[in-house]
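Participant: I am sharing target.pdb, which consists of PDB, C-alpha atoms and all ligand atoms:
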ATOM      1  CA  MET A   1      34.186 213.012 166.990
ATOM      2  CA  SER A   2      35.642 216.492 166.845
ATOM      3  CA  ARG A   3      35.437 218.780 163.875
ATOM      4  CA  PRO A   4      37.386 221.977 163.370
ATOM      5  CA  ILE A   5      35.633 222.239 160.061
ATOM      6  CA  GLU A   6      35.760 225.077 157.656
ATOM      7  CA  GLY A   7      32.516 227.012 157.605
ATOM      8  CA  PRO A   8      31.088 228.548 154.485
ATOM      9  CA  GLU A   9      33.444 231.077 153.004
ATOM     10  CA  ALA A  10      30.743 232.417 150.702
ATOM     11  CA  GLY A  11      30.454 236.173 150.814
ATOM     12  CA  GLY A  12      27.725 237.394 153.107
ATOM     13  CA  GLY A  13      26.664 240.823 151.881
ATOM     14  CA  ALA A  14      23.006 241.595 152.181
ATOM     15  CA  ARG A  15      21.806 238.295 150.869
ATOM     16  CA  ARG A  16      20.183 235.734 153.018
ATOM     17  CA  GLN A  17      22.286 232.692 153.841
ATOM     18  CA  LEU A  18      19.827 229.839 153.743
ATOM     19  CA  LYS A  19      20.121 226.310 154.964
ATOM     20  CA  ILE A  20      19.053 224.031 152.137
ATOM     21  CA  ALA A  21      18.406 220.350 152.815
ATOM     22  CA  VAL A  22      18.443 217.881 149.921
ATOM     23  CA  ASP A  23      17.405 214.338 150.781
ATOM     24  CA  GLY A  24      16.704 211.275 148.714
ATOM     25  CA  PRO A  25      17.655 207.660 148.020
ATOM     26  CA  ALA A  26      20.892 206.423 146.443
ATOM     27  CA  SER A  27      21.548 207.749 142.925
ATOM     28  CA  SER A  28      18.530 210.044 142.978
ATOM     29  CA  GLY A  29      20.879 212.780 141.763
ATOM     30  CA  LYS A  30      21.044 214.603 145.073
ATOM     31  CA  GLY A  31      24.856 214.811 145.287
ATOM     32  CA  THR A  32      25.281 216.268 141.813
ATOM     33  CA  VAL A  33      22.295 218.556 142.173
ATOM     34  CA  ALA A  34      23.321 219.767 145.644
ATOM     35  CA  ARG A  35      26.864 220.492 144.447
ATOM     36  CA  LEU A  36      25.649 222.510 141.452
ATOM     37  CA  VAL A  37      23.025 224.403 143.444
ATOM     38  CA  ALA A  38      25.712 225.303 145.985
ATOM     39  CA  ARG A  39      27.981 226.489 143.202
ATOM     40  CA  GLN A  40      25.283 228.735 141.706
ATOM     41  CA  LEU A  41      24.408 230.268 145.047
ATOM     42  CA  ASP A  42      28.054 230.408 146.201
ATOM     43  CA  TYR A  43      27.139 228.270 149.174
ATOM     44  CA  LEU A  44      29.072 225.452 150.811
ATOM     45  CA  TRP A  45      28.044 221.983 149.639
ATOM     46  CA  ILE A  46      28.165 219.359 152.365
ATOM     47  CA  ASP A  47      27.857 215.722 151.350
ATOM     48  CA  THR A  48      26.829 213.987 154.565
ATOM     49  CA  GLY A  49      26.994 210.540 152.942
ATOM     50  CA  ALA A  50      30.757 211.062 152.789
ATOM     51  CA  LEU A  51      30.850 211.271 156.597
ATOM     52  CA  TYR A  52      29.151 207.866 156.969
ATOM     53  CA  ARG A  53      31.401 206.528 154.248
ATOM     54  CA  ALA A  54      34.441 207.784 156.189
ATOM     55  CA  VAL A  55      33.316 205.777 159.212
ATOM     56  CA  ALA A  56      32.862 202.654 157.049
ATOM     57  CA  LEU A  57      36.231 203.110 155.357
ATOM     58  CA  THR A  58      38.063 203.644 158.634
ATOM     59  CA  ALA A  59      36.417 200.550 160.127
ATOM     60  CA  ARG A  60      37.450 198.521 157.093
ATOM     61  CA  ARG A  61      41.054 199.762 157.337
ATOM     62  CA  ARG A  62      41.200 198.909 161.024
ATOM     63  CA  GLY A  63      39.721 195.457 160.516
ATOM     64  CA  VAL A  64      36.511 196.295 162.390
ATOM     65  CA  ALA A  65      33.387 194.581 161.000
ATOM     66  CA  TRP A  66      30.634 197.029 159.974
ATOM     67  CA  SER A  67      28.174 195.022 162.022
ATOM     68  CA  SER A  68      30.195 195.427 165.271
ATOM     69  CA  SER A  69      28.051 198.269 166.577
ATOM     70  CA  GLU A  70      30.008 199.054 169.743
ATOM     71  CA  GLU A  71      33.414 199.050 168.070
ATOM     72  CA  VAL A  72      32.246 201.034 165.053
ATOM     73  CA  ALA A  73      30.536 203.572 167.319
ATOM     74  CA  SER A  74      33.677 204.085 169.429
ATOM     75  CA  LEU A  75      35.713 204.486 166.290
ATOM     76  CA  ALA A  76      33.242 207.068 164.912
ATOM     77  CA  GLU A  77      33.296 209.030 168.170
ATOM     78  CA  GLY A  78      37.098 209.217 167.974
ATOM     79  CA  LEU A  79      37.413 210.435 164.393
ATOM     80  CA  ARG A  80      38.425 213.992 163.602
ATOM     81  CA  VAL A  81      36.460 214.950 160.520
ATOM     82  CA  GLU A  82      36.991 218.166 158.612
ATOM     83  CA  TRP A  83      35.121 219.432 155.575
ATOM     84  CA  VAL A  84      37.475 221.926 153.984
ATOM     85  CA  ARG A  85      36.893 224.178 151.041
ATOM     86  CA  GLU A  86      39.543 226.280 149.456
ATOM     87  CA  ARG A  87      38.434 229.002 147.115
ATOM     88  CA  GLY A  88      37.556 227.718 143.652
ATOM     89  CA  GLU A  89      37.905 224.049 144.614
ATOM     90  CA  GLU A  90      35.443 221.311 145.478
ATOM     91  CA  PRO A  91      35.187 220.643 149.221
ATOM     92  CA  LYS A  92      37.506 217.980 150.620
ATOM     93  CA  LEU A  93      36.871 215.475 153.355
ATOM     94  CA  LEU A  94      39.782 215.196 155.779
ATOM     95  CA  VAL A  95      39.700 212.404 158.332
ATOM     96  CA  ASN A  96      42.352 212.657 161.019
ATOM     97  CA  GLY A  97      44.126 214.974 158.591
ATOM     98  CA  GLU A  98      44.046 212.587 155.615
ATOM     99  CA  ASP A  99      42.155 213.494 152.449
ATOM    100  CA  LEU A 100      39.673 210.646 151.951
ATOM    101  CA  SER A 101      37.453 212.412 149.402
ATOM    102  CA  LEU A 102      38.161 209.891 146.654
ATOM    103  CA  ALA A 103      38.709 206.760 148.728
ATOM    104  CA  VAL A 104      35.218 206.971 150.253
ATOM    105  CA  ARG A 105      33.574 206.860 146.815
ATOM    106  CA  ALA A 106      34.319 203.131 146.348
ATOM    107  CA  GLU A 107      31.141 201.130 145.734
ATOM    108  CA  GLU A 108      31.580 198.714 148.650
ATOM    109  CA  ILE A 109      32.222 201.596 151.033
ATOM    110  CA  GLY A 110      28.766 202.955 150.121
ATOM    111  CA  ALA A 111      27.226 199.655 151.185
ATOM    112  CA  GLY A 112      29.251 199.748 154.431
ATOM    113  CA  ALA A 113      28.127 203.331 155.028
ATOM    114  CA  SER A 114      24.515 202.217 154.878
ATOM    115  CA  ILE A 115      25.239 199.526 157.493
ATOM    116  CA  VAL A 116      27.147 201.744 159.951
ATOM    117  CA  ALA A 117      24.557 204.514 159.438
ATOM    118  CA  ALA A 118      21.974 202.347 161.178
ATOM    119  CA  ILE A 119      24.003 202.414 164.447
ATOM    120  CA  PRO A 120      22.400 205.059 166.707
ATOM    121  CA  ARG A 121      25.709 206.104 168.360
ATOM    122  CA  VAL A 122      27.299 206.637 164.949
ATOM    123  CA  ARG A 123      24.391 208.871 163.978
ATOM    124  CA  SER A 124      24.666 210.921 167.161
ATOM    125  CA  ALA A 125      28.416 211.287 166.705
ATOM    126  CA  LEU A 126      27.828 212.725 163.224
ATOM    127  CA  LEU A 127      24.810 214.835 164.133
ATOM    128  CA  GLY A 128      26.804 217.479 166.003
ATOM    129  CA  VAL A 129      29.362 217.667 163.204
ATOM    130  CA  GLN A 130      26.661 218.275 160.598
ATOM    131  CA  ARG A 131      24.842 220.913 162.648
ATOM    132  CA  HIS A 132      28.103 222.677 163.401
ATOM    133  CA  LEU A 133      28.892 222.832 159.689
ATOM    134  CA  ALA A 134      25.518 224.300 158.829
ATOM    135  CA  ALA A 135      25.282 226.689 161.763
ATOM    136  CA  ARG A 136      26.124 229.844 159.812
ATOM    137  CA  GLY A 137      23.815 229.066 156.903
ATOM    138  CA  GLY A 138      24.834 229.400 153.289
ATOM    139  CA  VAL A 139      24.891 225.623 152.920
ATOM    140  CA  VAL A 140      23.383 222.965 150.728
ATOM    141  CA  MET A 141      23.508 219.735 152.675
ATOM    142  CA  ASP A 142      22.580 216.445 151.074
ATOM    143  CA  GLY A 143      21.793 213.150 152.754
ATOM    144  CA  ARG A 144      18.919 211.013 153.980
ATOM    145  CA  ASP A 145      17.690 212.754 157.142
ATOM    146  CA  ILE A 146      18.755 216.361 156.670
ATOM    147  CA  GLY A 147      15.254 217.849 156.425
ATOM    148  CA  THR A 148      13.812 215.577 159.097
ATOM    149  CA  VAL A 149      16.538 215.362 161.768
ATOM    150  CA  VAL A 150      19.752 217.280 161.079
ATOM    151  CA  LEU A 151      18.271 220.611 159.981
ATOM    152  CA  PRO A 152      14.558 220.581 160.770
ATOM    153  CA  ASP A 153      14.738 224.399 160.627
ATOM    154  CA  ALA A 154      16.137 224.495 157.071
ATOM    155  CA  GLU A 155      14.481 227.269 155.054
ATOM    156  CA  LEU A 156      14.308 225.039 151.987
ATOM    157  CA  LYS A 157      13.887 221.264 152.000
ATOM    158  CA  VAL A 158      13.988 219.252 148.810
ATOM    159  CA  TYR A 159      13.284 215.554 148.415
ATOM    160  CA  LEU A 160      14.700 214.099 145.214
ATOM    161  CA  ASP A 161      13.621 210.750 143.889
ATOM    162  CA  ALA A 162      13.790 208.679 140.702
ATOM    163  CA  SER A 163      12.609 205.217 139.710
ATOM    164  CA  LEU A 164      14.681 202.274 140.889
ATOM    165  CA  ASP A 165      15.505 201.343 137.277
ATOM    166  CA  GLU A 166      16.772 204.804 136.490
ATOM    167  CA  ARG A 167      18.822 205.025 139.678
ATOM    168  CA  ALA A 168      20.339 201.618 138.971
ATOM    169  CA  ARG A 169      21.161 202.746 135.443
ATOM    170  CA  ARG A 170      22.961 205.832 136.752
ATOM    171  CA  ARG A 171      24.929 203.812 139.277
ATOM    172  CA  TRP A 172      25.808 201.196 136.667
ATOM    173  CA  LEU A 173      27.149 203.944 134.353
ATOM    174  CA  GLN A 174      29.558 204.855 137.146
ATOM    175  CA  PHE A 175      30.690 201.224 137.508
ATOM    176  CA  PRO A 176      30.113 199.742 134.028
ATOM    177  CA  SER A 177      32.273 196.682 134.652
ATOM    178  CA  ARG A 178      29.634 195.464 137.120
ATOM    179  CA  ASN A 179      26.543 193.475 136.201
ATOM    180  CA  TYR A 180      23.478 195.739 135.915
ATOM    181  CA  ASP A 181      21.178 193.373 137.820
ATOM    182  CA  ALA A 182      23.655 193.125 140.689
ATOM    183  CA  VAL A 183      23.877 196.922 140.831
ATOM    184  CA  ARG A 184      20.078 197.185 140.855
ATOM    185  CA  LEU A 185      19.824 194.648 143.662
ATOM    186  CA  ASP A 186      22.467 196.486 145.728
ATOM    187  CA  ILE A 187      20.546 199.742 145.389
ATOM    188  CA  ALA A 188      17.251 198.094 146.314
ATOM    189  CA  GLU A 189      18.873 196.566 149.419
ATOM    190  CA  ARG A 190      20.445 199.876 150.364
ATOM    191  CA  ASP A 191      17.102 201.677 149.965
ATOM    192  CA  ASP A 192      15.451 199.107 152.146
ATOM    193  CA  ARG A 193      18.096 199.444 154.892
ATOM    194  CA  ASP A 194      18.037 203.244 154.756
ATOM    195  CA  ARG A 195      14.215 203.410 154.818
ATOM    196  CA  THR A 196      13.551 200.866 157.545
ATOM    197  CA  ARG A 197      16.228 201.628 160.141
ATOM    198  CA  VAL A 198      14.922 202.686 163.516
ATOM    199  CA  VAL A 199      16.871 205.929 163.884
ATOM    200  CA  ALA A 200      16.466 208.709 161.312
ATOM    201  CA  PRO A 201      15.245 206.599 158.392
ATOM    202  CA  LEU A 202      15.203 207.983 154.892
ATOM    203  CA  CYS A 203      11.943 209.830 154.341
ATOM    204  CA  ALA A 204      10.718 213.149 153.037
ATOM    205  CA  ALA A 205      10.086 215.861 155.609
ATOM    206  CA  ALA A 206       6.432 216.918 155.721
ATOM    207  CA  ASP A 207       7.414 220.357 154.419
ATOM    208  CA  ALA A 208       9.841 219.129 151.722
ATOM    209  CA  LEU A 209       9.308 220.029 148.072
ATOM    210  CA  ARG A 210       9.500 216.878 145.975
ATOM    211  CA  LEU A 211      11.242 216.558 142.655
ATOM    212  CA  ASP A 212      11.287 213.387 140.571
ATOM    213  CA  THR A 213      14.453 213.280 138.465
ATOM    214  CA  THR A 214      13.622 210.106 136.507
ATOM    215  CA  ASP A 215      13.083 212.121 133.325
ATOM    216  CA  LEU A 216      14.404 215.458 134.496
ATOM    217  CA  PRO A 217      17.841 216.574 133.295
ATOM    218  CA  ILE A 218      20.182 217.575 136.119
ATOM    219  CA  GLU A 219      20.466 221.177 134.888
ATOM    220  CA  GLU A 220      16.682 221.569 135.054
ATOM    221  CA  ALA A 221      16.545 220.194 138.581
ATOM    222  CA  VAL A 222      19.262 222.672 139.553
ATOM    223  CA  THR A 223      17.401 225.585 137.950
ATOM    224  CA  ILE A 224      14.191 224.666 139.772
ATOM    225  CA  ILE A 225      15.891 224.413 143.165
ATOM    226  CA  VAL A 226      17.860 227.641 142.697
ATOM    227  CA  GLY A 227      14.506 229.273 141.842
ATOM    228  CA  TRP A 228      13.002 227.969 145.082
ATOM    229  CA  ALA A 229      16.018 229.287 146.999
ATOM    230  CA  ARG A 230      15.622 232.732 145.442
ATOM    231  CA  GLU A 231      11.930 232.757 146.308
ATOM    232  CA  ARG A 232      13.052 232.299 149.890
ATOM    233  CA  GLY A 233      15.356 235.269 149.694
ATOM    234  CA  SER A 234      18.683 233.811 148.734
ATOM    235  CA  GLY A 235      20.571 236.079 146.365
ATOM    236  CA  SER A 236      22.847 234.716 143.690
ATOM    237  CA  VAL A 237      26.275 235.713 142.562
ATOM    238  CA  GLY A 238      25.998 238.531 140.086
ATOM    239  CA  THR A 239      22.551 239.728 141.185
ATOM    240  CA  SER A 240      21.646 242.419 143.640
ATOM    241  CA  GLY A 241      20.608 239.643 146.026
ATOM    242  CA  GLU A 242      17.811 240.890 148.167
ATOM    243  CA  GLY A 243      18.395 239.774 151.737
TER
HETATM  244  O1  LIG B   1      24.637 209.430 149.837
HETATM  245  P1  LIG B   1      25.567 208.254 149.928
HETATM  246  O2  LIG B   1      25.206 207.149 148.965
HETATM  247  O3  LIG B   1      27.003 208.654 149.831
HETATM  248  O4  LIG B   1      25.364 207.685 151.419
HETATM  249  C1  LIG B   1      25.952 206.474 151.838
HETATM  250  C2  LIG B   1      25.139 205.870 152.956
HETATM  251  O5  LIG B   1      25.240 206.691 154.120
HETATM  252  C3  LIG B   1      23.652 205.757 152.687
HETATM  253  O6  LIG B   1      23.300 204.502 152.111
HETATM  254  C4  LIG B   1      23.007 205.907 154.035
HETATM  255  C5  LIG B   1      24.010 206.715 154.827
HETATM  256  N1  LIG B   1      23.583 208.089 155.048
HETATM  257  C6  LIG B   1      22.702 208.324 156.068
HETATM  258  O7  LIG B   1      22.246 207.382 156.712
HETATM  259  N2  LIG B   1      22.334 209.598 156.397
HETATM  260  C7  LIG B   1      22.796 210.627 155.672
HETATM  261  N3  LIG B   1      22.433 211.873 156.009
HETATM  262  C8  LIG B   1      23.680 210.408 154.590
HETATM  263  C9  LIG B   1      24.037 209.122 154.287
END
So that I can check it, write out the structure of this file as structure tokens.

Facilitator:
Amino acid sequence: MSRPIEGPEAGGGARRQLKIAVDGPASSGKGTVARLVARQLDYLWIDTGALYRAVALTARRRGVAWSSSEEVASLAEGLRVEWVRERGEEPKLLVNGEDLSLAVRAEEIGAGASIVAAIPRVRSALLGVQRHLAARGGVVMDGRDIGTVVLPDAELKVYLDASLDERARRRWLQFPSRNYDAVRLDIAERDDRDRTRVVAPLCAAADALRLDTTDLPIEEAVTIIVGWARERGSGSVGTSGEG
């Protein structure tokens, strides 16, 4: 998998360009929180789940079963993935030049992503891409194994969690035509797959700061994490930004 991916365009100045890892289970709020933290710090937000989703979507389009490890792995190794941000816009996921940012959000593609993510060769194909993206710092990267495997040297690691009921409720609000119990079961199955796989399972890094978002509004979670980032020397737009 090659990746001429856009690096962070955020202004450097004197401020420190941290690597911030945000991990957690499905619908723990990590995507929204990571995006907003990145916006406040003028960092690049990288949604690594979208990369696994891109592999699942491409397999589906090519008629390759998600369980066909060898075929899915070869397909993943051949994809050209780019994470592009133009000033003032949300980052876009380009796969072989096609913008898949919206298509990968489909509910069944999330389930497929969790299946292909358990294939070790898929994970190694995506590992280099993720590290390349984060190499210059100034990134907030969210996923399942960012603090433990992808960026073990991240200056700030956050592990977000929320109760299964609350996460199911959030997911159901996104897909209200679905049955709540079915949504809850899907999330529980996904958690189980993500936590028990052999390679890079979902877990908090030993040095991660934990935040439970069950009763915590998103804006408060963002404020807390931005505070942690500033304690570690990251400046913010509009401040003097000690480096
Ligand atoms: O965050 P998400 O729901 O978009 O992720 C979809 C799936 O991708 C998730 O169930 C597990 C996998 N994934 C992973 O294994 N490692 C990551 N760093 C990110 C996602």

Participant: May I have a table of the residues of chain A lying at most 6 Å from ligand LIG 1 (chain B), giving each one's closest pair of atoms and their distance in Å to one decimal, counting only C-alpha atoms and all ligand atoms, ordered by chain and ascending residue number, as a Markdown table?

Facilitator:
| residue | atom | partner | partner_atom | distance |
| --- | --- | --- | --- | --- |
| A:Ala26 | CA | B:LIG1 | O2 | 5.0 |
| A:Thr48 | CA | B:LIG1 | C8 | 4.8 |
| A:Gly49 | CA | B:LIG1 | C9 | 3.5 |
| A:Ala50 | CA | B:LIG1 | O3 | 5.4 |
| A:Tyr52 | CA | B:LIG1 | O5 | 5.0 |
| A:Arg53 | CA | B:LIG1 | C1 | 6.0 |
| A:Gly110 | CA | B:LIG1 | C1 | 4.8 |
| A:Ala113 | CA | B:LIG1 | C2 | 4.4 |
| A:Ser114 | CA | B:LIG1 | O6 | 3.8 |
| A:Ala117 | CA | B:LIG1 | O7 | 4.6 |
| A:Gly143 | CA | B:LIG1 | N3 | 3.6 |
| A:Arg144 | CA | B:LIG1 | N3 | 4.1 |
| A:Asp145 | CA | B:LIG1 | N3 | 5.0 |
| A:Ile146 | CA | B:LIG1 | N3 | 5.8 |
| A:Arg190 | CA | B:LIG1 | O6 | 5.7 |
| A:Asp194 | CA | B:LIG1 | C4 | 5.7 |

Participant: I'd like to know which of A:Met141, A:Leu211, A:Ala206, A:Ile218 is closest to Val22 of chain A, using only C-alpha atoms.

Facilitator: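 Comparing A:Met141, A:Leu211, A:Ala206, A:Ile218 against Val22 of chain A, the winner is A:Met141.
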
Participant: Report the distance between atom CA of Asp142 of chain A and atom CA of Gly78 of chain A in Å, rounded to one decimal place.

Facilitator: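 So the two atoms, atom CA of Asp142 of chain A and atom CA of Gly78 of chain A, lie 23.4 Å apart.
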
Participant: With distances taken over only C-alpha atoms, which of A:Gly97, A:Gly112, A:Pro25, A:Pro91 is nearest to Ala56 of chain A?

Facilitator: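 Among the listed residues, A:Gly112 lies closest to Ala56 of chain A.
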
Participant: I'd like the contact shell of Leu185 of chain A - 10 Å cut-off, all atoms listed in the file, skipping same-chain residues fewer than 6 positions apart - returned as a ChimeraX atom specification.

Facilitator: /A:164,168,191

Participant: Between A:Gly31, A:Val122, A:Arg131, A:Tyr159, which one has atoms that come closest to Glu70 of chain A, using all atoms listed in the file?

Facilitator: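 Distance minimum relative to Glu70 of chain A lands on A:Val122.
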
Participant: What's the 9 Å shell around segment 197-201 of chain A, counting all atoms listed in the file, without same-chain residues fewer than 4 positions away, as a PyMOL selection string?

Facilitator: chain A and resi 117-120+123+144-145+148-149+192-193

Participant: Could you state which residues are captured by the PyMOL selection byres (((chain A and resi 224) around 12) and not hetatm) in this file, as an mmCIF file with C-alpha atoms, in the coordinates of the input?

Facilitator:
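And here is the file that came out, selection26.cif:
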data_model
loop_
_atom_site.group_PDB
_atom_site.id
_atom_site.type_symbol
_atom_site.label_atom_id
_atom_site.label_comp_id
_atom_site.auth_asym_id
_atom_site.auth_seq_id
_atom_site.Cartn_x
_atom_site.Cartn_y
_atom_site.Cartn_z
ATOM 1 C CA VAL A 33 22.295 218.556 142.173
ATOM 2 C CA ALA A 34 23.321 219.767 145.644
ATOM 3 C CA LEU A 36 25.649 222.510 141.452
ATOM 4 C CA VAL A 37 23.025 224.403 143.444
ATOM 5 C CA GLN A 40 25.283 228.735 141.706
ATOM 6 C CA VAL A 158 13.988 219.252 148.810
ATOM 7 C CA LEU A 160 14.700 214.099 145.214
ATOM 8 C CA LEU A 209 9.308 220.029 148.072
ATOM 9 C CA ARG A 210 9.500 216.878 145.975
ATOM 10 C CA LEU A 211 11.242 216.558 142.655
ATOM 11 C CA ASP A 212 11.287 213.387 140.571
ATOM 12 C CA THR A 213 14.453 213.280 138.465
ATOM 13 C CA LEU A 216 14.404 215.458 134.496
ATOM 14 C CA PRO A 217 17.841 216.574 133.295
ATOM 15 C CA ILE A 218 20.182 217.575 136.119
ATOM 16 C CA GLU A 219 20.466 221.177 134.888
ATOM 17 C CA GLU A 220 16.682 221.569 135.054
ATOM 18 C CA ALA A 221 16.545 220.194 138.581
ATOM 19 C CA VAL A 222 19.262 222.672 139.553
ATOM 20 C CA THR A 223 17.401 225.585 137.950
ATOM 21 C CA ILE A 225 15.891 224.413 143.165
ATOM 22 C CA VAL A 226 17.860 227.641 142.697
ATOM 23 C CA GLY A 227 14.506 229.273 141.842
ATOM 24 C CA TRP A 228 13.002 227.969 145.082
ATOM 25 C CA ALA A 229 16.018 229.287 146.999
ATOM 26 C CA ARG A 230 15.622 232.732 145.442
ATOM 27 C CA GLU A 231 11.930 232.757 146.308
#

Participant: Ranking A:Arg170, A:Glu86, A:Ser124, A:Gly233 by minimum distance to Arg184 of chain A and counting only C-alpha atoms, which one comes first?

Facilitator: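 Residue with the minimum atom-to-atom distance to Arg184 of chain A: A:Arg170.
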
Participant: Do you have the atom CA of Ile115 of chain A-atom CA of Trp66 of chain A distance handy?

Facilitator: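 About the pair atom CA of Ile115 of chain A and atom CA of Trp66 of chain A: they are 6.4 Å apart.
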